[in-house]
$ cat structure_20.cif   # mmCIF, C-alpha atoms and all ligand atoms; chains and numbers go by the auth columns
data_my_file
#
loop_
_atom_site.group_PDB
_atom_site.id
_atom_site.type_symbol
_atom_site.label_atom_id
_atom_site.label_comp_id
_atom_site.label_asym_id
_atom_site.label_seq_id
_atom_site.Cartn_x
_atom_site.Cartn_y
_atom_site.Cartn_z
_atom_site.B_iso_or_equiv
_atom_site.auth_seq_id
_atom_site.auth_asym_id
ATOM 1 C CA MET A 1 31.057 -147.455 -3.389 0.00 1 A
ATOM 2 C CA ASN A 2 27.411 -147.421 -4.399 0.00 2 A
ATOM 3 C CA ILE A 3 25.733 -148.767 -7.506 0.00 3 A
ATOM 4 C CA ALA A 4 22.969 -146.718 -9.102 0.00 4 A
ATOM 5 C CA TYR A 5 20.900 -147.013 -12.275 0.00 5 A
ATOM 6 C CA LEU A 6 19.807 -143.893 -14.146 0.00 6 A
ATOM 7 C CA SER A 7 17.269 -143.453 -16.945 0.00 7 A
ATOM 8 C CA LEU A 8 18.131 -140.875 -19.616 0.00 8 A
ATOM 9 C CA GLY A 9 15.765 -139.539 -22.260 0.00 9 A
ATOM 10 C CA SER A 10 15.749 -136.898 -24.992 0.00 10 A
ATOM 11 C CA ASN A 11 13.070 -135.854 -27.484 0.00 11 A
ATOM 12 C CA ILE A 12 14.290 -132.537 -28.905 0.00 12 A
ATOM 13 C CA GLY A 13 17.004 -131.841 -31.473 0.00 13 A
ATOM 14 C CA GLU A 14 20.031 -134.118 -31.801 0.00 14 A
ATOM 15 C CA ARG A 15 18.688 -136.677 -29.364 0.00 15 A
ATOM 16 C CA GLU A 16 21.548 -139.179 -29.595 0.00 16 A
ATOM 17 C CA GLN A 17 24.125 -136.406 -29.157 0.00 17 A
ATOM 18 C CA PHE A 18 22.401 -135.107 -26.006 0.00 18 A
ATOM 19 C CA LEU A 19 22.402 -138.623 -24.547 0.00 19 A
ATOM 20 C CA ASN A 20 26.087 -139.131 -25.409 0.00 20 A
ATOM 21 C CA GLU A 21 27.020 -135.765 -23.902 0.00 21 A
ATOM 22 C CA ALA A 22 25.085 -136.526 -20.726 0.00 22 A
ATOM 23 C CA VAL A 23 26.910 -139.864 -20.339 0.00 23 A
ATOM 24 C CA LEU A 24 30.267 -138.131 -20.903 0.00 24 A
ATOM 25 C CA LEU A 25 29.418 -135.453 -18.330 0.00 25 A
ATOM 26 C CA LEU A 26 28.408 -138.098 -15.802 0.00 26 A
ATOM 27 C CA ASN A 27 31.632 -139.998 -16.364 0.00 27 A
ATOM 28 C CA SER A 28 33.762 -136.859 -16.170 0.00 28 A
ATOM 29 C CA HIS A 29 32.656 -136.286 -12.560 0.00 29 A
ATOM 30 C CA ALA A 30 35.419 -137.344 -10.163 0.00 30 A
ATOM 31 C CA ASN A 31 32.978 -139.392 -8.061 0.00 31 A
ATOM 32 C CA ILE A 32 30.987 -141.099 -10.808 0.00 32 A
ATOM 33 C CA ASN A 33 32.087 -143.973 -12.984 0.00 33 A
ATOM 34 C CA VAL A 34 29.750 -145.052 -15.783 0.00 34 A
ATOM 35 C CA MET A 35 30.025 -148.830 -15.880 0.00 35 A
ATOM 36 C CA GLN A 36 27.449 -149.916 -18.444 0.00 36 A
ATOM 37 C CA GLN A 37 25.130 -148.341 -20.980 0.00 37 A
ATOM 38 C CA SER A 38 22.126 -149.946 -22.637 0.00 38 A
ATOM 39 C CA SER A 39 21.346 -149.789 -26.313 0.00 39 A
ATOM 40 C CA LEU A 40 19.339 -146.794 -27.524 0.00 40 A
ATOM 41 C CA TYR A 41 15.584 -147.258 -27.794 0.00 41 A
ATOM 42 C CA GLU A 42 13.154 -145.022 -29.640 0.00 42 A
ATOM 43 C CA THR A 43 10.004 -144.748 -27.550 0.00 43 A
ATOM 44 C CA ASP A 44 6.541 -143.270 -27.901 0.00 44 A
ATOM 45 C CA PRO A 45 5.957 -140.473 -25.380 0.00 45 A
ATOM 46 C CA VAL A 46 4.210 -141.505 -22.173 0.00 46 A
ATOM 47 C CA GLY A 47 2.096 -139.033 -20.184 0.00 47 A
ATOM 48 C CA PHE A 48 1.775 -136.003 -22.424 0.00 48 A
ATOM 49 C CA THR A 49 1.528 -137.792 -25.786 0.00 49 A
ATOM 50 C CA GLU A 50 1.433 -134.732 -28.112 0.00 50 A
ATOM 51 C CA GLN A 51 5.217 -134.479 -28.363 0.00 51 A
ATOM 52 C CA GLY A 52 8.047 -136.061 -30.328 0.00 52 A
ATOM 53 C CA LYS A 53 9.373 -139.582 -29.833 0.00 53 A
ATOM 54 C CA PHE A 54 12.069 -140.060 -27.218 0.00 54 A
ATOM 55 C CA LEU A 55 15.400 -141.800 -27.360 0.00 55 A
ATOM 56 C CA ASN A 56 15.919 -143.567 -24.046 0.00 56 A
ATOM 57 C CA ILE A 57 18.825 -145.387 -22.425 0.00 57 A
ATOM 58 C CA VAL A 58 19.674 -146.712 -18.970 0.00 58 A
ATOM 59 C CA VAL A 59 23.155 -146.513 -17.463 0.00 59 A
ATOM 60 C CA LYS A 60 24.708 -148.273 -14.510 0.00 60 A
ATOM 61 C CA ILE A 61 27.063 -146.130 -12.457 0.00 61 A
ATOM 62 C CA GLU A 62 29.373 -146.585 -9.531 0.00 62 A
ATOM 63 C CA THR A 63 29.483 -143.548 -7.244 0.00 63 A
ATOM 64 C CA SER A 64 30.623 -142.331 -3.850 0.00 64 A
ATOM 65 C CA LEU A 65 27.990 -139.546 -4.004 0.00 65 A
ATOM 66 C CA GLN A 66 25.029 -139.829 -1.659 0.00 66 A
ATOM 67 C CA PRO A 67 21.600 -139.768 -3.389 0.00 67 A
ATOM 68 C CA GLU A 68 20.912 -136.029 -2.897 0.00 68 A
ATOM 69 C CA LYS A 69 24.353 -135.119 -4.254 0.00 69 A
ATOM 70 C CA LEU A 70 23.826 -137.457 -7.191 0.00 70 A
ATOM 71 C CA LEU A 71 20.466 -135.788 -7.875 0.00 71 A
ATOM 72 C CA ASN A 72 22.152 -132.354 -7.847 0.00 72 A
ATOM 73 C CA GLN A 73 24.694 -133.604 -10.349 0.00 73 A
ATOM 74 C CA CYS A 74 21.938 -134.934 -12.628 0.00 74 A
ATOM 75 C CA LEU A 75 20.124 -131.574 -12.457 0.00 75 A
ATOM 76 C CA GLN A 76 23.377 -129.750 -13.197 0.00 76 A
ATOM 77 C CA ILE A 77 23.941 -131.880 -16.314 0.00 77 A
ATOM 78 C CA GLU A 78 20.372 -131.133 -17.471 0.00 78 A
ATOM 79 C CA LYS A 79 21.141 -127.426 -17.018 0.00 79 A
ATOM 80 C CA ASP A 80 24.528 -127.657 -18.764 0.00 80 A
ATOM 81 C CA LEU A 81 22.860 -129.262 -21.777 0.00 81 A
ATOM 82 C CA GLY A 82 20.327 -126.454 -21.970 0.00 82 A
ATOM 83 C CA ARG A 83 17.192 -128.004 -20.526 0.00 83 A
ATOM 84 C CA VAL A 84 14.415 -125.521 -19.926 0.00 84 A
ATOM 85 C CA ARG A 85 11.529 -126.761 -17.758 0.00 85 A
ATOM 86 C CA GLU A 86 8.508 -125.355 -19.586 0.00 86 A
ATOM 87 C CA PHE A 87 5.930 -127.719 -18.122 0.00 87 A
ATOM 88 C CA LYS A 88 6.113 -130.935 -16.153 0.00 88 A
ATOM 89 C CA TRP A 89 5.536 -133.609 -18.807 0.00 89 A
ATOM 90 C CA GLY A 90 6.747 -131.534 -21.754 0.00 90 A
ATOM 91 C CA PRO A 91 9.500 -132.107 -24.326 0.00 91 A
ATOM 92 C CA ARG A 92 13.093 -131.914 -23.153 0.00 92 A
ATOM 93 C CA VAL A 93 16.613 -131.995 -24.630 0.00 93 A
ATOM 94 C CA ILE A 94 17.666 -134.236 -21.767 0.00 94 A
ATOM 95 C CA ASP A 95 16.188 -135.834 -18.694 0.00 95 A
ATOM 96 C CA LEU A 96 18.098 -137.817 -16.069 0.00 96 A
ATOM 97 C CA ASP A 97 16.183 -139.802 -13.467 0.00 97 A
ATOM 98 C CA ILE A 98 17.669 -141.849 -10.655 0.00 98 A
ATOM 99 C CA LEU A 99 15.955 -145.240 -10.787 0.00 99 A
ATOM 100 C CA LEU A 100 17.799 -147.250 -8.140 0.00 100 A
ATOM 101 C CA TYR A 101 20.485 -146.589 -5.562 0.00 101 A
ATOM 102 C CA ASN A 102 21.875 -149.865 -4.288 0.00 102 A
ATOM 103 C CA GLN A 103 18.780 -151.692 -3.039 0.00 103 A
ATOM 104 C CA GLU A 104 17.845 -148.688 -0.886 0.00 104 A
ATOM 105 C CA ASN A 105 14.533 -146.986 -0.298 0.00 105 A
ATOM 106 C CA VAL A 106 15.228 -143.230 -0.241 0.00 106 A
ATOM 107 C CA VAL A 107 12.406 -140.876 0.744 0.00 107 A
ATOM 108 C CA SER A 108 13.021 -137.151 0.979 0.00 108 A
ATOM 109 C CA GLU A 109 11.332 -133.941 -0.157 0.00 109 A
ATOM 110 C CA SER A 110 13.254 -133.932 -3.414 0.00 110 A
ATOM 111 C CA LEU A 111 13.806 -137.617 -4.061 0.00 111 A
ATOM 112 C CA LEU A 112 12.029 -140.954 -4.136 0.00 112 A
ATOM 113 C CA ILE A 113 14.101 -144.054 -4.862 0.00 113 A
ATOM 114 C CA PRO A 114 13.198 -146.495 -6.337 0.00 114 A
ATOM 115 C CA HIS A 115 11.697 -144.128 -8.900 0.00 115 A
ATOM 116 C CA PRO A 116 7.961 -144.355 -8.137 0.00 116 A
ATOM 117 C CA ARG A 117 6.827 -144.942 -11.741 0.00 117 A
ATOM 118 C CA MET A 118 9.703 -147.025 -13.052 0.00 118 A
ATOM 119 C CA HIS A 119 7.838 -150.357 -12.772 0.00 119 A
ATOM 120 C CA GLU A 120 5.036 -149.034 -15.039 0.00 120 A
ATOM 121 C CA ARG A 121 7.307 -147.780 -17.812 0.00 121 A
ATOM 122 C CA ALA A 122 8.442 -150.093 -20.589 0.00 122 A
ATOM 123 C CA PHE A 123 10.814 -147.338 -21.812 0.00 123 A
ATOM 124 C CA VAL A 124 12.662 -147.739 -18.485 0.00 124 A
ATOM 125 C CA LEU A 125 12.384 -151.492 -17.887 0.00 125 A
ATOM 126 C CA ILE A 126 13.393 -152.707 -21.368 0.00 126 A
ATOM 127 C CA PRO A 127 16.791 -150.911 -21.373 0.00 127 A
ATOM 128 C CA LEU A 128 17.268 -151.663 -17.655 0.00 128 A
ATOM 129 C CA LEU A 129 16.738 -155.386 -18.182 0.00 129 A
ATOM 130 C CA GLU A 130 19.118 -155.374 -21.140 0.00 130 A
ATOM 131 C CA ILE A 131 22.012 -154.483 -18.801 0.00 131 A
ATOM 132 C CA ALA A 132 20.703 -156.015 -15.550 0.00 132 A
ATOM 133 C CA PRO A 133 18.442 -158.962 -16.378 0.00 133 A
ATOM 134 C CA TYR A 134 18.243 -160.348 -12.823 0.00 134 A
ATOM 135 C CA LEU A 135 17.549 -157.177 -10.837 0.00 135 A
ATOM 136 C CA VAL A 136 14.746 -157.243 -8.268 0.00 136 A
ATOM 137 C CA HIS A 137 12.578 -154.280 -7.265 0.00 137 A
ATOM 138 C CA PRO A 138 13.795 -153.321 -3.769 0.00 138 A
ATOM 139 C CA ILE A 139 10.299 -152.652 -2.363 0.00 139 A
ATOM 140 C CA LYS A 140 8.024 -154.933 -4.363 0.00 140 A
ATOM 141 C CA LEU A 141 10.627 -157.710 -4.198 0.00 141 A
ATOM 142 C CA SER A 142 9.546 -158.844 -7.681 0.00 142 A
ATOM 143 C CA PRO A 143 12.051 -159.337 -10.483 0.00 143 A
ATOM 144 C CA PHE A 144 11.865 -156.428 -12.941 0.00 144 A
ATOM 145 C CA SER A 145 11.405 -159.024 -15.696 0.00 145 A
ATOM 146 C CA GLU A 146 8.057 -160.011 -14.110 0.00 146 A
ATOM 147 C CA LEU A 147 7.052 -156.365 -13.680 0.00 147 A
ATOM 148 C CA LEU A 148 7.722 -155.815 -17.382 0.00 148 A
ATOM 149 C CA ASP A 149 5.480 -158.792 -18.226 0.00 149 A
ATOM 150 C CA GLU A 150 2.640 -156.999 -16.421 0.00 150 A
ATOM 151 C CA ILE A 151 2.865 -153.893 -18.645 0.00 151 A
ATOM 152 C CA PRO A 152 0.217 -154.268 -21.364 0.00 152 A
ATOM 153 C CA ASP A 153 1.660 -151.859 -23.948 0.00 153 A
ATOM 154 C CA LYS A 154 5.292 -152.504 -24.818 0.00 154 A
ATOM 155 C CA GLU A 155 4.944 -151.775 -28.541 0.00 155 A
ATOM 156 C CA GLY A 156 5.946 -148.168 -28.051 0.00 156 A
ATOM 157 C CA VAL A 157 9.570 -149.191 -27.363 0.00 157 A
ATOM 158 C CA ARG A 158 11.778 -150.073 -30.334 0.00 158 A
ATOM 159 C CA LEU A 159 15.491 -150.871 -30.466 0.00 159 A
ATOM 160 C CA TRP A 160 17.082 -147.910 -32.317 0.00 160 A
ATOM 161 C CA LYS A 161 20.823 -148.518 -31.993 0.00 161 A
ATOM 162 C CA GLN A 162 22.433 -151.526 -30.397 0.00 162 A
ATOM 163 C CA THR A 163 25.535 -151.082 -28.242 0.00 163 A
ATOM 164 C CA ASN A 164 26.364 -154.824 -28.242 0.00 164 A
ATOM 165 C CA GLY A 165 26.849 -154.832 -24.483 0.00 165 A
ATOM 166 C CA VAL A 166 30.176 -152.998 -24.720 0.00 166 A
ATOM 167 C CA ASP A 167 30.945 -151.505 -21.335 0.00 167 A
ATOM 168 C CA VAL A 168 31.026 -147.734 -21.521 0.00 168 A
ATOM 169 C CA PHE A 169 34.303 -147.314 -19.709 0.00 169 A
ATOM 170 C CA VAL A 170 35.956 -149.594 -22.263 0.00 170 A
ATOM 171 C CA ARG A 171 34.733 -147.237 -24.983 0.00 171 A
ATOM 172 C CA PHE A 172 36.133 -144.267 -23.088 0.00 172 A
ATOM 173 C CA GLU A 173 39.527 -145.932 -22.551 0.00 173 A
ATOM 174 C CA SER A 174 40.058 -147.060 -26.145 0.00 174 A
HETATM 175 O O1 LIG B . 10.263 -139.297 -17.274 0.00 1 B
HETATM 176 C C1 LIG B . 11.160 -139.124 -18.282 0.00 1 B
HETATM 177 C C2 LIG B . 10.668 -138.201 -19.339 0.00 1 B
HETATM 178 N N1 LIG B . 9.547 -138.791 -20.110 0.00 1 B
HETATM 179 C C3 LIG B . 9.620 -139.769 -21.040 0.00 1 B
HETATM 180 C C4 LIG B . 10.686 -140.520 -21.584 0.00 1 B
HETATM 181 O O2 LIG B . 11.872 -140.396 -21.223 0.00 1 B
HETATM 182 N N2 LIG B . 10.331 -141.440 -22.548 0.00 1 B
HETATM 183 C C5 LIG B . 9.044 -141.618 -22.969 0.00 1 B
HETATM 184 N N3 LIG B . 8.810 -142.519 -23.899 0.00 1 B
HETATM 185 N N4 LIG B . 8.032 -140.897 -22.461 0.00 1 B
HETATM 186 C C6 LIG B . 8.316 -139.986 -21.505 0.00 1 B
HETATM 187 N N5 LIG B . 7.486 -139.155 -20.867 0.00 1 B
HETATM 188 C C7 LIG B . 8.246 -138.448 -20.021 0.00 1 B
HETATM 189 S S1 LIG B . 7.636 -137.254 -18.943 0.00 1 B
#

$ encode --input "structure_20.cif" --output "structure tokens" --more "lines below"
Ligand code: GSY
Amino acid sequence: MNIAYLSLGSNIGEREQFLNEAVLLLNSHANINVMQQSSLYETDPVGFTEQGKFLNIVVKIETSLQPEKLLNQCLQIEKDLGRVREFKWGPRVIDLDILLYNQENVVSESLLIPHPRMHERAFVLIPLLEIAPYLVHPIKLSPFSELLDEIPDKEGVRLWKQTNGVDVFVRFES
């Protein structure tokens, strides 16, 4: 089994519902088990700033899928939830990015893991550190907590709904 961390974001329509549906779709795959989900954070858009605020979460999954297969599944979920790619940094109903896959460095035409911009993004690191406070960047070998300290602008990330650390699979079982 492999452990991966995914970043999910939504900034159109019923943002919380899109995130919940994406987590359910991930967990309904026979080879993916969602183990933990961060709280929801409302975050100012990074990159193309003339768009609505995002809700972002990070989930920890256990999976027997290899990275490319996991990527295909993430893209399929984006499609199922109606994502239309209008332009690269534009608004989206749902976005799923693979952040980490074990402690592996994956380089292919379609995939770079660790996600190449994750260490610069407070909207990724704050929810990631909530569920995995001691993780280390597999290439930089620095704790993510130190990488977060280096980001100057963290004000754009606000706790929106706390999940109180309840494991997702417990929520699904009960
Ligand atoms: O890369 C993920 C999509 N995205 C986001 C996001 O999820 N959150 C915030 N705050 N800004 C973003 N810009 C892009 S592109």

$ residues_around --input "structure_20.cif" --residues "Ala132 of chain A" --least-positions-apart "3" --cutoff "12 Å" --atoms "only C-alpha atoms" --output "mmCIF file with C-alpha atoms, in the coordinates of the input"
data_model
loop_
_atom_site.group_PDB
_atom_site.id
_atom_site.type_symbol
_atom_site.label_atom_id
_atom_site.label_comp_id
_atom_site.auth_asym_id
_atom_site.auth_seq_id
_atom_site.Cartn_x
_atom_site.Cartn_y
_atom_site.Cartn_z
ATOM 1 C CA ILE A 3 25.733 -148.767 -7.506
ATOM 2 C CA ALA A 4 22.969 -146.718 -9.102
ATOM 3 C CA TYR A 5 20.900 -147.013 -12.275
ATOM 4 C CA MET A 35 30.025 -148.830 -15.880
ATOM 5 C CA GLN A 36 27.449 -149.916 -18.444
ATOM 6 C CA GLN A 37 25.130 -148.341 -20.980
ATOM 7 C CA SER A 38 22.126 -149.946 -22.637
ATOM 8 C CA VAL A 58 19.674 -146.712 -18.970
ATOM 9 C CA VAL A 59 23.155 -146.513 -17.463
ATOM 10 C CA LYS A 60 24.708 -148.273 -14.510
ATOM 11 C CA LEU A 100 17.799 -147.250 -8.140
ATOM 12 C CA VAL A 124 12.662 -147.739 -18.485
ATOM 13 C CA LEU A 125 12.384 -151.492 -17.887
ATOM 14 C CA ILE A 126 13.393 -152.707 -21.368
ATOM 15 C CA PRO A 127 16.791 -150.911 -21.373
ATOM 16 C CA LEU A 128 17.268 -151.663 -17.655
ATOM 17 C CA LEU A 129 16.738 -155.386 -18.182
ATOM 18 C CA LEU A 135 17.549 -157.177 -10.837
ATOM 19 C CA VAL A 136 14.746 -157.243 -8.268
ATOM 20 C CA HIS A 137 12.578 -154.280 -7.265
ATOM 21 C CA PRO A 143 12.051 -159.337 -10.483
ATOM 22 C CA PHE A 144 11.865 -156.428 -12.941
ATOM 23 C CA SER A 145 11.405 -159.024 -15.696
ATOM 24 C CA GLY A 165 26.849 -154.832 -24.483
#

$ closest_residue --input "structure_20.cif" --among "A:Leu96, A:Leu19, A:Ala30, A:Leu70" --to "ligand LIG 1 (chain B)" --atoms "only C-alpha atoms and all ligand atoms"
A:Leu96

$ closest_residue --input "structure_20.cif" --among "A:Leu147, A:Ala122, A:Leu81, A:Val46" --to "Tyr134 of chain A" --atoms "all atoms listed in the file"
A:Leu147

$ atom_distance --input "structure_20.cif" --atom1 "atom CA of Phe54 of chain A" --atom2 "atom CA of Tyr101 of chain A"
24.1 Å

$ atom_distance --input "structure_20.cif" --atom1 "atom CA of Arg15 of chain A" --atom2 "atom CA of Gln66 of chain A"
28.6 Å

$ residues_near_ligand --input "structure_20.cif" --ligand "ligand LIG 1 (chain B)" --cutoff "8 Å" --atoms "all atoms listed in the file" --output "VMD selection string"
chain A and resid 7 to 11 42 to 49 53 to 56 88 to 92 95 to 97 123 to 124 156 to 157

$ build_atoms --input "structure_20.cif" --residues "segment 23-46 of chain A" --atoms "N, CA and C atoms" --output "compact mmCIF listing (two decimals), in the coordinates of the input"
# COMPACT_ATOMS: atom_id res chain seq x y z
N VAL A 23 26.12 -138.74 -20.86
CA VAL A 23 26.91 -139.86 -20.34
C VAL A 23 28.36 -139.42 -20.12
N LEU A 24 28.89 -138.64 -21.06
CA LEU A 24 30.27 -138.13 -20.90
C LEU A 24 30.38 -137.23 -19.69
N LEU A 25 29.38 -136.36 -19.49
CA LEU A 25 29.42 -135.45 -18.33
C LEU A 25 29.32 -136.24 -17.02
N LEU A 26 28.48 -137.26 -17.01
CA LEU A 26 28.41 -138.10 -15.80
C LEU A 26 29.78 -138.70 -15.51
N ASN A 27 30.37 -139.27 -16.56
CA ASN A 27 31.63 -140.00 -16.36
C ASN A 27 32.79 -139.06 -16.04
N SER A 28 32.66 -137.79 -16.43
CA SER A 28 33.76 -136.86 -16.17
C SER A 28 33.75 -136.37 -14.71
N HIS A 29 32.68 -136.66 -13.98
CA HIS A 29 32.66 -136.29 -12.56
C HIS A 29 33.61 -137.20 -11.78
N ALA A 30 34.39 -136.58 -10.89
CA ALA A 30 35.42 -137.34 -10.16
C ALA A 30 34.83 -138.49 -9.35
N ASN A 31 33.56 -138.38 -8.95
CA ASN A 31 32.98 -139.39 -8.06
C ASN A 31 31.93 -140.27 -8.74
N ILE A 32 31.94 -140.25 -10.07
CA ILE A 32 30.99 -141.10 -10.81
C ILE A 32 31.75 -141.86 -11.89
N ASN A 33 31.50 -143.15 -11.94
CA ASN A 33 32.09 -143.97 -12.98
C ASN A 33 30.95 -144.68 -13.72
N VAL A 34 30.80 -144.39 -15.01
CA VAL A 34 29.75 -145.05 -15.78
C VAL A 34 30.25 -146.44 -16.16
N MET A 35 29.55 -147.45 -15.69
CA MET A 35 30.02 -148.83 -15.88
C MET A 35 29.40 -149.51 -17.10
N GLN A 36 28.14 -149.26 -17.33
CA GLN A 36 27.45 -149.92 -18.44
C GLN A 36 26.40 -148.99 -19.01
N GLN A 37 26.17 -149.14 -20.31
CA GLN A 37 25.13 -148.34 -20.98
C GLN A 37 24.30 -149.27 -21.84
N SER A 38 23.00 -149.11 -21.80
CA SER A 38 22.13 -149.95 -22.64
C SER A 38 22.19 -149.47 -24.09
N SER A 39 21.60 -150.25 -24.95
CA SER A 39 21.35 -149.79 -26.31
C SER A 39 20.41 -148.59 -26.27
N LEU A 40 20.28 -147.91 -27.44
CA LEU A 40 19.34 -146.79 -27.52
C LEU A 40 18.00 -147.32 -28.02
N TYR A 41 16.93 -146.86 -27.41
CA TYR A 41 15.58 -147.26 -27.79
C TYR A 41 14.80 -146.01 -28.19
N GLU A 42 14.07 -146.12 -29.29
CA GLU A 42 13.15 -145.02 -29.64
C GLU A 42 11.79 -145.37 -29.06
N THR A 43 11.19 -144.42 -28.34
CA THR A 43 10.00 -144.75 -27.55
C THR A 43 8.91 -143.70 -27.74
N ASP A 44 7.68 -144.20 -27.82
CA ASP A 44 6.54 -143.27 -27.90
C ASP A 44 6.40 -142.53 -26.57
N PRO A 45 6.07 -141.23 -26.63
CA PRO A 45 5.96 -140.47 -25.38
C PRO A 45 4.86 -141.01 -24.47
N VAL A 46 5.16 -141.06 -23.19
CA VAL A 46 4.21 -141.50 -22.17
C VAL A 46 3.82 -140.27 -21.36
